[in-house]
>>> print(open('upload-v2.tsv').read())   # TSV, N, CA and C atoms
chain	number	residue	atom	x	y	z
Y	1	MET	N	-40.40	22.76	22.23
Y	1	MET	CA	-39.58	22.05	23.17
Y	1	MET	C	-38.55	21.17	22.45
Y	2	ARG	N	-39.00	20.48	21.42
Y	2	ARG	CA	-38.11	19.59	20.67
Y	2	ARG	C	-37.01	20.40	19.98
Y	3	GLY	N	-37.35	21.58	19.46
Y	3	GLY	CA	-36.37	22.45	18.82
Y	3	GLY	C	-35.31	22.93	19.80
Y	4	LYS	N	-35.73	23.27	21.03
Y	4	LYS	CA	-34.79	23.71	22.06
Y	4	LYS	C	-33.83	22.57	22.43
Y	5	LEU	N	-34.37	21.38	22.55
Y	5	LEU	CA	-33.55	20.22	22.90
Y	5	LEU	C	-32.50	19.95	21.82
Y	6	LEU	N	-32.92	20.07	20.57
Y	6	LEU	CA	-31.99	19.87	19.45
Y	6	LEU	C	-30.91	20.94	19.47
Y	7	ALA	N	-31.28	22.18	19.73
Y	7	ALA	CA	-30.31	23.28	19.77
Y	7	ALA	C	-29.29	23.06	20.89
Y	8	VAL	N	-29.74	22.62	22.04
Y	8	VAL	CA	-28.85	22.35	23.16
Y	8	VAL	C	-27.90	21.20	22.81
Y	9	ALA	N	-28.45	20.16	22.22
Y	9	ALA	CA	-27.62	19.01	21.83
Y	9	ALA	C	-26.55	19.42	20.83
Y	10	LEU	N	-26.90	20.25	19.86
Y	10	LEU	CA	-25.92	20.73	18.88
Y	10	LEU	C	-24.85	21.60	19.53
Y	11	ALA	N	-25.26	22.46	20.46
Y	11	ALA	CA	-24.31	23.32	21.15
Y	11	ALA	C	-23.32	22.50	21.97
Y	12	VAL	N	-23.82	21.52	22.70
Y	12	VAL	CA	-22.96	20.65	23.50
Y	12	VAL	C	-22.01	19.87	22.59
Y	13	SER	N	-22.52	19.37	21.50
Y	13	SER	CA	-21.70	18.63	20.55
Y	13	SER	C	-20.57	19.50	20.01
Y	14	ALA	N	-20.87	20.74	19.68
Y	14	ALA	CA	-19.85	21.66	19.17
Y	14	ALA	C	-18.79	21.94	20.23
Y	15	LEU	N	-19.19	22.13	21.46
Y	15	LEU	CA	-18.23	22.39	22.54
Y	15	LEU	C	-17.32	21.20	22.80
Y	16	VAL	N	-17.86	20.02	22.71
Y	16	VAL	CA	-17.07	18.82	22.95
Y	16	VAL	C	-16.11	18.55	21.80
Y	17	SER	N	-16.50	18.85	20.59
Y	17	SER	CA	-15.67	18.53	19.44
Y	17	SER	C	-14.47	19.45	19.30
Y	18	VAL	N	-14.51	20.67	19.83
Y	18	VAL	CA	-13.38	21.60	19.71
Y	18	VAL	C	-12.12	21.04	20.37
Y	19	PRO	N	-12.17	20.54	21.62
Y	19	PRO	CA	-10.95	19.97	22.21
Y	19	PRO	C	-10.45	18.74	21.45
Y	20	VAL	N	-11.32	17.95	20.91
Y	20	VAL	CA	-10.91	16.77	20.15
Y	20	VAL	C	-10.16	17.21	18.91
Y	21	PHE	N	-10.65	18.22	18.22
Y	21	PHE	CA	-9.98	18.73	17.02
Y	21	PHE	C	-8.63	19.33	17.41
Y	22	ALA	N	-8.58	20.07	18.50
Y	22	ALA	CA	-7.35	20.72	18.94
Y	22	ALA	C	-6.27	19.70	19.28
Y	23	HIS	N	-6.66	18.52	19.71
Y	23	HIS	CA	-5.72	17.45	20.05
Y	23	HIS	C	-4.79	17.13	18.89
Y	24	HIS	N	-5.24	17.34	17.67
Y	24	HIS	CA	-4.47	16.97	16.50
Y	24	HIS	C	-3.68	18.12	15.91
Y	25	GLY	N	-3.36	19.12	16.72
Y	25	GLY	CA	-2.58	20.26	16.26
Y	25	GLY	C	-1.15	19.86	15.95
Y	26	ASN	N	-0.48	20.65	15.12
Y	26	ASN	CA	0.90	20.38	14.72
Y	26	ASN	C	1.88	21.41	15.26
Y	27	ALA	N	1.42	22.34	16.09
Y	27	ALA	CA	2.25	23.45	16.54
Y	27	ALA	C	3.50	23.01	17.28
Y	28	ALA	N	3.47	21.90	17.98
Y	28	ALA	CA	4.64	21.46	18.76
Y	28	ALA	C	5.76	20.93	17.89
Y	29	PHE	N	5.46	20.48	16.68
Y	29	PHE	CA	6.46	19.86	15.82
Y	29	PHE	C	7.20	20.90	14.98
Y	30	ASP	N	8.48	20.64	14.75
Y	30	ASP	CA	9.31	21.51	13.92
Y	30	ASP	C	9.10	21.09	12.47
Y	31	ALA	N	8.03	21.60	11.88
Y	31	ALA	CA	7.60	21.19	10.53
Y	31	ALA	C	8.74	21.32	9.53
Y	32	GLY	N	8.98	20.26	8.80
Y	32	GLY	CA	10.01	20.25	7.77
Y	32	GLY	C	11.37	19.80	8.26
Y	33	LYS	N	11.61	19.80	9.56
Y	33	LYS	CA	12.89	19.33	10.08
Y	33	LYS	C	12.84	17.81	10.19
Y	34	ARG	N	13.94	17.17	9.82
Y	34	ARG	CA	14.02	15.72	9.86
Y	34	ARG	C	15.28	15.30	10.61
Y	35	LEU	N	15.14	14.33	11.51
Y	35	LEU	CA	16.28	13.75	12.20
Y	35	LEU	C	16.28	12.25	11.95
Y	36	ALA	N	17.40	11.72	11.48
Y	36	ALA	CA	17.56	10.27	11.31
Y	36	ALA	C	18.35	9.78	12.51
Y	37	LEU	N	17.74	8.91	13.31
Y	37	LEU	CA	18.33	8.44	14.55
Y	37	LEU	C	18.49	6.94	14.56
Y	38	LYS	N	19.69	6.47	14.86
Y	38	LYS	CA	19.92	5.03	15.00
Y	38	LYS	C	19.76	4.70	16.47
Y	39	GLY	N	18.92	3.71	16.75
Y	39	GLY	CA	18.67	3.39	18.14
Y	39	GLY	C	18.18	1.98	18.35
Y	40	THR	N	17.87	1.71	19.60
Y	40	THR	CA	17.40	0.39	20.03
Y	40	THR	C	15.99	0.52	20.56
Y	41	VAL	N	15.08	-0.26	20.01
Y	41	VAL	CA	13.68	-0.23	20.44
Y	41	VAL	C	13.59	-0.69	21.89
Y	42	THR	N	12.84	0.10	22.69
Y	42	THR	CA	12.56	-0.30	24.07
Y	42	THR	C	11.11	-0.74	24.22
Y	43	GLU	N	10.22	-0.15	23.41
Y	43	GLU	CA	8.80	-0.53	23.48
Y	43	GLU	C	8.07	-0.05	22.23
Y	44	TRP	N	7.12	-0.86	21.78
Y	44	TRP	CA	6.23	-0.52	20.67
Y	44	TRP	C	4.82	-0.58	21.23
Y	45	VAL	N	4.18	0.57	21.32
Y	45	VAL	CA	2.85	0.66	21.90
Y	45	VAL	C	1.84	0.72	20.77
Y	46	TRP	N	1.09	-0.37	20.59
Y	46	TRP	CA	0.09	-0.51	19.53
Y	46	TRP	C	-1.25	-0.12	20.13
Y	47	ALA	N	-1.72	1.10	19.85
Y	47	ALA	CA	-2.91	1.60	20.54
Y	47	ALA	C	-3.61	2.68	19.72
Y	48	ASN	N	-4.78	3.05	20.19
Y	48	ASN	CA	-5.50	4.20	19.66
Y	48	ASN	C	-5.54	5.25	20.75
Y	49	PRO	N	-5.46	6.52	20.49
Y	49	PRO	CA	-5.57	7.13	19.16
Y	49	PRO	C	-4.25	7.19	18.39
Y	50	HIS	N	-3.12	6.84	19.03
Y	50	HIS	CA	-1.83	6.82	18.33
Y	50	HIS	C	-1.02	5.63	18.80
Y	51	CYS	N	-0.18	5.13	17.91
Y	51	CYS	CA	0.82	4.14	18.30
Y	51	CYS	C	2.08	4.93	18.67
Y	52	TRP	N	2.91	4.34	19.53
Y	52	TRP	CA	4.12	5.02	19.99
Y	52	TRP	C	5.31	4.09	19.88
Y	53	LEU	N	6.39	4.59	19.31
Y	53	LEU	CA	7.65	3.85	19.25
Y	53	LEU	C	8.59	4.50	20.25
Y	54	LYS	N	9.05	3.70	21.20
Y	54	LYS	CA	10.01	4.18	22.19
Y	54	LYS	C	11.35	3.51	21.88
Y	55	PHE	N	12.40	4.33	21.84
Y	55	PHE	CA	13.72	3.79	21.49
Y	55	PHE	C	14.81	4.64	22.13
Y	56	ASP	N	15.96	4.01	22.38
Y	56	ASP	CA	17.10	4.68	22.99
Y	56	ASP	C	18.15	4.98	21.92
Y	57	VAL	N	18.70	6.19	22.00
Y	57	VAL	CA	19.73	6.62	21.06
Y	57	VAL	C	20.96	7.05	21.87
Y	58	LYS	N	22.13	6.47	21.54
Y	58	LYS	CA	23.38	6.84	22.20
Y	58	LYS	C	24.10	7.88	21.36
Y	59	ASP	N	24.65	8.90	22.05
Y	59	ASP	CA	25.46	9.87	21.34
Y	59	ASP	C	26.92	9.41	21.33
Y	60	ASP	N	27.82	10.23	20.78
Y	60	ASP	CA	29.23	9.86	20.66
Y	60	ASP	C	29.92	9.65	22.01
Y	61	LYS	N	29.37	10.25	23.06
Y	61	LYS	CA	29.96	10.14	24.39
Y	61	LYS	C	29.35	9.01	25.21
Y	62	GLY	N	28.39	8.28	24.62
Y	62	GLY	CA	27.75	7.18	25.32
Y	62	GLY	C	26.52	7.57	26.11
Y	63	ASN	N	26.14	8.84	26.07
Y	63	ASN	CA	24.93	9.28	26.74
Y	63	ASN	C	23.71	8.76	25.99
Y	64	VAL	N	22.69	8.35	26.74
Y	64	VAL	CA	21.50	7.77	26.12
Y	64	VAL	C	20.33	8.74	26.22
Y	65	ALA	N	19.67	8.97	25.09
Y	65	ALA	CA	18.43	9.75	25.05
Y	65	ALA	C	17.29	8.77	24.82
Y	66	HIS	N	16.27	8.86	25.63
Y	66	HIS	CA	15.10	7.99	25.53
Y	66	HIS	C	14.05	8.70	24.67
Y	67	TRP	N	13.93	8.29	23.42
Y	67	TRP	CA	13.02	8.91	22.47
Y	67	TRP	C	11.64	8.28	22.50
Y	68	VAL	N	10.63	9.10	22.24
Y	68	VAL	CA	9.26	8.65	22.07
Y	68	VAL	C	8.75	9.31	20.80
Y	69	ALA	N	8.27	8.50	19.86
Y	69	ALA	CA	7.78	9.04	18.60
Y	69	ALA	C	6.40	8.46	18.30
Y	70	GLU	N	5.50	9.33	17.90
Y	70	GLU	CA	4.12	8.90	17.64
Y	70	GLU	C	3.92	8.59	16.17
Y	71	THR	N	2.93	7.75	15.94
Y	71	THR	CA	2.47	7.44	14.59
Y	71	THR	C	0.95	7.68	14.58
Y	72	ASN	N	0.31	7.20	13.55
Y	72	ASN	CA	-1.16	7.27	13.48
Y	72	ASN	C	-1.77	6.19	14.37
Y	73	ASN	N	-3.08	6.05	14.25
Y	73	ASN	CA	-3.79	5.00	14.99
Y	73	ASN	C	-3.54	3.64	14.34
Y	74	ALA	N	-3.80	2.60	15.09
Y	74	ALA	CA	-3.50	1.23	14.64
Y	74	ALA	C	-4.15	0.88	13.29
Y	75	PRO	N	-5.44	1.17	13.07
Y	75	PRO	CA	-6.03	0.82	11.77
Y	75	PRO	C	-5.33	1.50	10.59
Y	76	ASP	N	-4.93	2.76	10.75
Y	76	ASP	CA	-4.19	3.45	9.68
Y	76	ASP	C	-2.83	2.80	9.46
Y	77	MET	N	-2.19	2.37	10.54
Y	77	MET	CA	-0.87	1.78	10.44
Y	77	MET	C	-0.92	0.45	9.69
Y	78	ILE	N	-1.97	-0.32	9.90
Y	78	ILE	CA	-2.12	-1.59	9.20
Y	78	ILE	C	-2.14	-1.35	7.69
Y	79	GLU	N	-2.83	-0.32	7.26
Y	79	GLU	CA	-2.90	0.01	5.82
Y	79	GLU	C	-1.54	0.39	5.26
Y	80	LYS	N	-0.62	0.86	6.12
Y	80	LYS	CA	0.72	1.25	5.69
Y	80	LYS	C	1.72	0.10	5.82
Y	81	GLY	N	1.25	-1.09	6.23
Y	81	GLY	CA	2.12	-2.25	6.32
Y	81	GLY	C	2.71	-2.52	7.69
Y	82	TRP	N	2.30	-1.76	8.71
Y	82	TRP	CA	2.79	-1.94	10.07
Y	82	TRP	C	1.87	-2.92	10.81
Y	83	SER	N	2.36	-3.48	11.91
Y	83	SER	CA	1.52	-4.35	12.74
Y	83	SER	C	1.96	-4.24	14.20
Y	84	MET	N	1.19	-4.91	15.05
Y	84	MET	CA	1.55	-4.89	16.47
Y	84	MET	C	2.85	-5.66	16.72
Y	85	ARG	N	3.31	-6.42	15.73
Y	85	ARG	CA	4.54	-7.20	15.86
Y	85	ARG	C	5.69	-6.63	15.02
Y	86	THR	N	5.55	-5.41	14.54
Y	86	THR	CA	6.58	-4.80	13.70
Y	86	THR	C	7.90	-4.67	14.45
Y	87	PHE	N	7.84	-4.34	15.73
Y	87	PHE	CA	9.05	-4.14	16.53
Y	87	PHE	C	9.01	-5.01	17.77
Y	88	LYS	N	10.21	-5.34	18.25
Y	88	LYS	CA	10.32	-5.97	19.56
Y	88	LYS	C	11.48	-5.28	20.28
Y	89	ALA	N	11.42	-5.27	21.59
Y	89	ALA	CA	12.48	-4.66	22.38
Y	89	ALA	C	13.82	-5.26	21.98
Y	90	GLY	N	14.80	-4.39	21.78
Y	90	GLY	CA	16.14	-4.83	21.38
Y	90	GLY	C	16.42	-4.67	19.90
Y	91	ASP	N	15.39	-4.48	19.08
Y	91	ASP	CA	15.61	-4.27	17.64
Y	91	ASP	C	16.44	-3.02	17.41
Y	92	GLU	N	17.43	-3.13	16.53
Y	92	GLU	CA	18.23	-1.98	16.12
Y	92	GLU	C	17.56	-1.38	14.89
Y	93	VAL	N	17.16	-0.12	14.98
Y	93	VAL	CA	16.41	0.54	13.91
Y	93	VAL	C	16.99	1.92	13.63
Y	94	THR	N	16.66	2.43	12.46
Y	94	THR	CA	16.93	3.83	12.14
Y	94	THR	C	15.58	4.49	11.97
Y	95	VAL	N	15.32	5.47	12.81
Y	95	VAL	CA	14.02	6.14	12.83
Y	95	VAL	C	14.21	7.58	12.36
Y	96	THR	N	13.48	7.97	11.33
Y	96	THR	CA	13.47	9.37	10.91
Y	96	THR	C	12.24	10.00	11.52
Y	97	VAL	N	12.46	11.08	12.27
Y	97	VAL	CA	11.37	11.75	12.96
Y	97	VAL	C	11.32	13.22	12.58
Y	98	GLU	N	10.14	13.79	12.76
Y	98	GLU	CA	9.96	15.23	12.75
Y	98	GLU	C	9.92	15.59	14.24
Y	99	PRO	N	10.99	16.22	14.76
Y	99	PRO	CA	11.08	16.44	16.20
Y	99	PRO	C	10.18	17.59	16.68
Y	100	VAL	N	9.99	17.64	17.99
Y	100	VAL	CA	9.28	18.78	18.58
Y	100	VAL	C	10.24	19.97	18.62
Y	101	LYS	N	9.67	21.16	18.69
Y	101	LYS	CA	10.46	22.39	18.65
Y	101	LYS	C	11.29	22.63	19.90
Y	102	ASN	N	10.85	22.12	21.05
Y	102	ASN	CA	11.52	22.45	22.30
Y	102	ASN	C	12.79	21.65	22.57
Y	103	GLY	N	13.16	20.75	21.66
Y	103	GLY	CA	14.41	20.00	21.82
Y	103	GLY	C	14.31	18.73	22.63
Y	104	ASN	N	13.15	18.44	23.19
Y	104	ASN	CA	12.98	17.18	23.92
Y	104	ASN	C	13.05	16.00	22.95
Y	105	PRO	N	13.41	14.81	23.43
Y	105	PRO	CA	13.51	13.64	22.56
Y	105	PRO	C	12.13	13.04	22.24
Y	106	VAL	N	11.34	13.83	21.55
Y	106	VAL	CA	9.97	13.48	21.19
Y	106	VAL	C	9.77	13.89	19.74
Y	107	GLY	N	9.01	13.09	19.00
Y	107	GLY	CA	8.75	13.44	17.61
Y	107	GLY	C	7.64	12.62	17.01
Y	108	ARG	N	7.50	12.83	15.72
Y	108	ARG	CA	6.51	12.10	14.94
Y	108	ARG	C	7.27	11.28	13.91
Y	109	VAL	N	6.96	10.00	13.81
Y	109	VAL	CA	7.66	9.09	12.90
Y	109	VAL	C	7.38	9.48	11.44
Y	110	ILE	N	8.44	9.55	10.66
Y	110	ILE	CA	8.32	9.74	9.22
Y	110	ILE	C	8.56	8.40	8.53
Y	111	GLU	N	9.65	7.72	8.95
Y	111	GLU	CA	9.90	6.37	8.44
Y	111	GLU	C	10.83	5.65	9.39
Y	112	VAL	N	10.83	4.32	9.26
Y	112	VAL	CA	11.70	3.47	10.08
Y	112	VAL	C	12.33	2.43	9.17
Y	113	VAL	N	13.64	2.26	9.32
Y	113	VAL	CA	14.33	1.17	8.65
Y	113	VAL	C	14.49	0.06	9.68
Y	114	LEU	N	13.88	-1.09	9.36
Y	114	LEU	CA	13.87	-2.24	10.27
Y	114	LEU	C	15.20	-2.98	10.23
Y	115	PRO	N	15.44	-3.89	11.19
Y	115	PRO	CA	16.68	-4.65	11.21
Y	115	PRO	C	16.95	-5.43	9.92
Y	116	ASN	N	15.88	-5.84	9.22
Y	116	ASN	CA	16.05	-6.60	7.97
Y	116	ASN	C	16.24	-5.70	6.75
Y	117	GLY	N	16.30	-4.38	6.97
Y	117	GLY	CA	16.50	-3.44	5.87
Y	117	GLY	C	15.22	-2.89	5.26
Y	118	GLN	N	14.08	-3.46	5.61
Y	118	GLN	CA	12.79	-2.98	5.10
Y	118	GLN	C	12.51	-1.59	5.66
Y	119	THR	N	11.95	-0.72	4.82
Y	119	THR	CA	11.59	0.62	5.25
Y	119	THR	C	10.07	0.73	5.30
Y	120	LEU	N	9.56	1.19	6.45
Y	120	LEU	CA	8.15	1.48	6.61
Y	120	LEU	C	8.02	2.98	6.79
Y	121	GLY	N	7.01	3.55	6.10
Y	121	GLY	CA	6.87	5.00	6.17
Y	121	GLY	C	5.47	5.45	6.52
Y	122	MET	N	5.38	6.75	6.67
Y	122	MET	CA	4.12	7.42	6.94
Y	122	MET	C	3.83	8.31	5.73
Y	123	ALA	N	2.90	7.92	4.91
Y	123	ALA	CA	2.64	8.61	3.65
Y	123	ALA	C	2.39	10.10	3.82
Y	124	TYR	N	1.74	10.52	4.90
Y	124	TYR	CA	1.41	11.92	5.07
Y	124	TYR	C	2.61	12.80	5.39
Y	125	LEU	N	3.74	12.22	5.74
Y	125	LEU	CA	4.90	13.02	6.10
Y	125	LEU	C	6.12	12.76	5.22
Y	126	LYS	N	5.97	11.96	4.20
Y	126	LYS	CA	7.13	11.68	3.35
Y	126	LYS	C	7.56	12.94	2.60
Y	127	LYS	N	8.83	12.99	2.28
Y	127	LYS	CA	9.39	14.15	1.57
Y	127	LYS	C	8.81	14.25	0.18
>>> encode(input="upload-v2.tsv", output="structure tokens")
Amino acid sequence: MRGKLLAVALAVSALVSVPVFAHHGNAAFDAGKRLALKGTVTEWVWANPHCWLKFDVKDDKGNVAHWVAETNNAPDMIEKGWSMRTFKAGDEVTVTVEPVKNGNPVGRVIEVVLPNGQTLGMAYLKK
């Protein structure tokens, strides 16, 4: 009986872990492509499982694209020198992202140049 219970528990654990692992896929991102975008921070979401930088980018015609770029989780970001106070709405920043393949204004942060000129990066995606 105990062996059957253990087998069921392991099977359930394996089934639950597959979607969690799949969550971290990279298929949506255009691997190796880099976009450097100058924009204005609208929101910095300090959270788990990912932090999110939201910022607006104006093109030459004045059209605004509302970008959302993900980073790692908060504890990993602290080790890279980031904090919940790194950005505030209105900050002018240059964000280098690895964009998604479908052309939407979504990506993964590679590095950010802050208003004071400091550069914060993501070690796993640096060139």
>>> closest_atom_pairs(input="upload-v2.tsv", of="range 105-124 of chain Y", to="range 37-40 of chain Y", cutoff="12 Å", atoms="only C-alpha atoms", output="CSV")
residue,atom,partner,partner_atom,distance
Y:Pro105,CA,Y:Leu37,CA,10.7
Y:Val106,CA,Y:Leu37,CA,11.8
Y:Gly107,CA,Y:Leu37,CA,11.2
Y:Val109,CA,Y:Leu37,CA,10.8
Y:Ile110,CA,Y:Leu37,CA,11.4
Y:Glu111,CA,Y:Leu37,CA,10.6
Y:Val112,CA,Y:Leu37,CA,9.4
Y:Val113,CA,Y:Lys38,CA,9.3
Y:Leu114,CA,Y:Lys38,CA,10.6
Y:Pro115,CA,Y:Thr40,CA,10.2
>>> atom_distance(input="upload-v2.tsv", atom1="CA of Gln118 in chain Y", atom2="CA of Asn26 in chain Y")
27.9 Å
>>> residues_around(input="upload-v2.tsv", residues="range 84-93 of chain Y", least_positions_apart="2", cutoff="12 Å", atoms="only C-alpha atoms", output="number ranges by chain")
Y: 36-48, 51-58, 73-75, 77-78, 80-82, 95-96, 111-120
>>> atom_distance(input="upload-v2.tsv", atom1="atom C of Phe29 in chain Y", atom2="atom N of Arg108 in chain Y")
8.1 Å
>>> closest_residue(input="upload-v2.tsv", among="Y:Met122, Y:Ala27, Y:Val100, Y:Ser83", to="Thr71 in chain Y", atoms="only N, CA and C atoms")
Y:Met122
>>> select_by_dssp(input="upload-v2.tsv", residues="range 25-108 of chain Y", states="alpha helix (DSSP H)", output="count of residues only")
6
>>> atom_distance(input="upload-v2.tsv", atom1="CA of Gly32 in chain Y", atom2="CA of Asp60 in chain Y")
25.4 Å
>>> closest_residue(input="upload-v2.tsv", among="Y:Gly121, Y:Glu98, Y:Gly103, Y:His66", to="Lys33 in chain Y", atoms="all atoms listed in the file")
Y:Glu98
>>> build_atoms(input="upload-v2.tsv", residues="range 31-46 of chain Y", atoms="N, CA, C and O atoms", output="short mmCIF file (atom, residue, chain, number, x, y, z; two decimals), in the frame of the given file")
data_model
loop_
_atom_site.label_atom_id
_atom_site.label_comp_id
_atom_site.auth_asym_id
_atom_site.auth_seq_id
_atom_site.Cartn_x
_atom_site.Cartn_y
_atom_site.Cartn_z
N ALA Y 31 8.03 21.60 11.88
CA ALA Y 31 7.60 21.19 10.53
C ALA Y 31 8.74 21.32 9.53
O ALA Y 31 9.41 22.35 9.45
N GLY Y 32 8.98 20.26 8.80
CA GLY Y 32 10.01 20.25 7.77
C GLY Y 32 11.37 19.80 8.26
O GLY Y 32 12.22 19.44 7.45
N LYS Y 33 11.61 19.80 9.56
CA LYS Y 33 12.89 19.33 10.08
C LYS Y 33 12.84 17.81 10.19
O LYS Y 33 11.84 17.24 10.60
N ARG Y 34 13.94 17.17 9.82
CA ARG Y 34 14.02 15.72 9.86
C ARG Y 34 15.28 15.30 10.61
O ARG Y 34 16.35 15.84 10.37
N LEU Y 35 15.14 14.33 11.51
CA LEU Y 35 16.28 13.75 12.20
C LEU Y 35 16.28 12.25 11.95
O LEU Y 35 15.27 11.59 12.17
N ALA Y 36 17.40 11.72 11.48
CA ALA Y 36 17.56 10.27 11.31
C ALA Y 36 18.35 9.78 12.51
O ALA Y 36 19.49 10.21 12.74
N LEU Y 37 17.74 8.91 13.31
CA LEU Y 37 18.33 8.44 14.55
C LEU Y 37 18.49 6.94 14.56
O LEU Y 37 17.54 6.21 14.29
N LYS Y 38 19.69 6.47 14.86
CA LYS Y 38 19.92 5.03 15.00
C LYS Y 38 19.76 4.70 16.47
O LYS Y 38 20.38 5.34 17.33
N GLY Y 39 18.92 3.71 16.75
CA GLY Y 39 18.67 3.39 18.14
C GLY Y 39 18.18 1.98 18.35
O GLY Y 39 18.08 1.18 17.41
N THR Y 40 17.87 1.71 19.60
CA THR Y 40 17.40 0.39 20.03
C THR Y 40 15.99 0.52 20.56
O THR Y 40 15.73 1.33 21.47
N VAL Y 41 15.08 -0.26 20.01
CA VAL Y 41 13.68 -0.23 20.44
C VAL Y 41 13.59 -0.69 21.89
O VAL Y 41 14.17 -1.70 22.27
N THR Y 42 12.84 0.10 22.69
CA THR Y 42 12.56 -0.30 24.07
C THR Y 42 11.11 -0.74 24.22
O THR Y 42 10.81 -1.60 25.05
N GLU Y 43 10.22 -0.15 23.41
CA GLU Y 43 8.80 -0.53 23.48
C GLU Y 43 8.07 -0.05 22.23
O GLU Y 43 8.35 1.02 21.70
N TRP Y 44 7.12 -0.86 21.78
CA TRP Y 44 6.23 -0.52 20.67
C TRP Y 44 4.82 -0.58 21.23
O TRP Y 44 4.34 -1.65 21.59
N VAL Y 45 4.18 0.57 21.32
CA VAL Y 45 2.85 0.66 21.90
C VAL Y 45 1.84 0.72 20.77
O VAL Y 45 1.75 1.71 20.04
N TRP Y 46 1.09 -0.37 20.59
CA TRP Y 46 0.09 -0.51 19.53
C TRP Y 46 -1.25 -0.12 20.13
O TRP Y 46 -1.84 -0.90 20.88
#
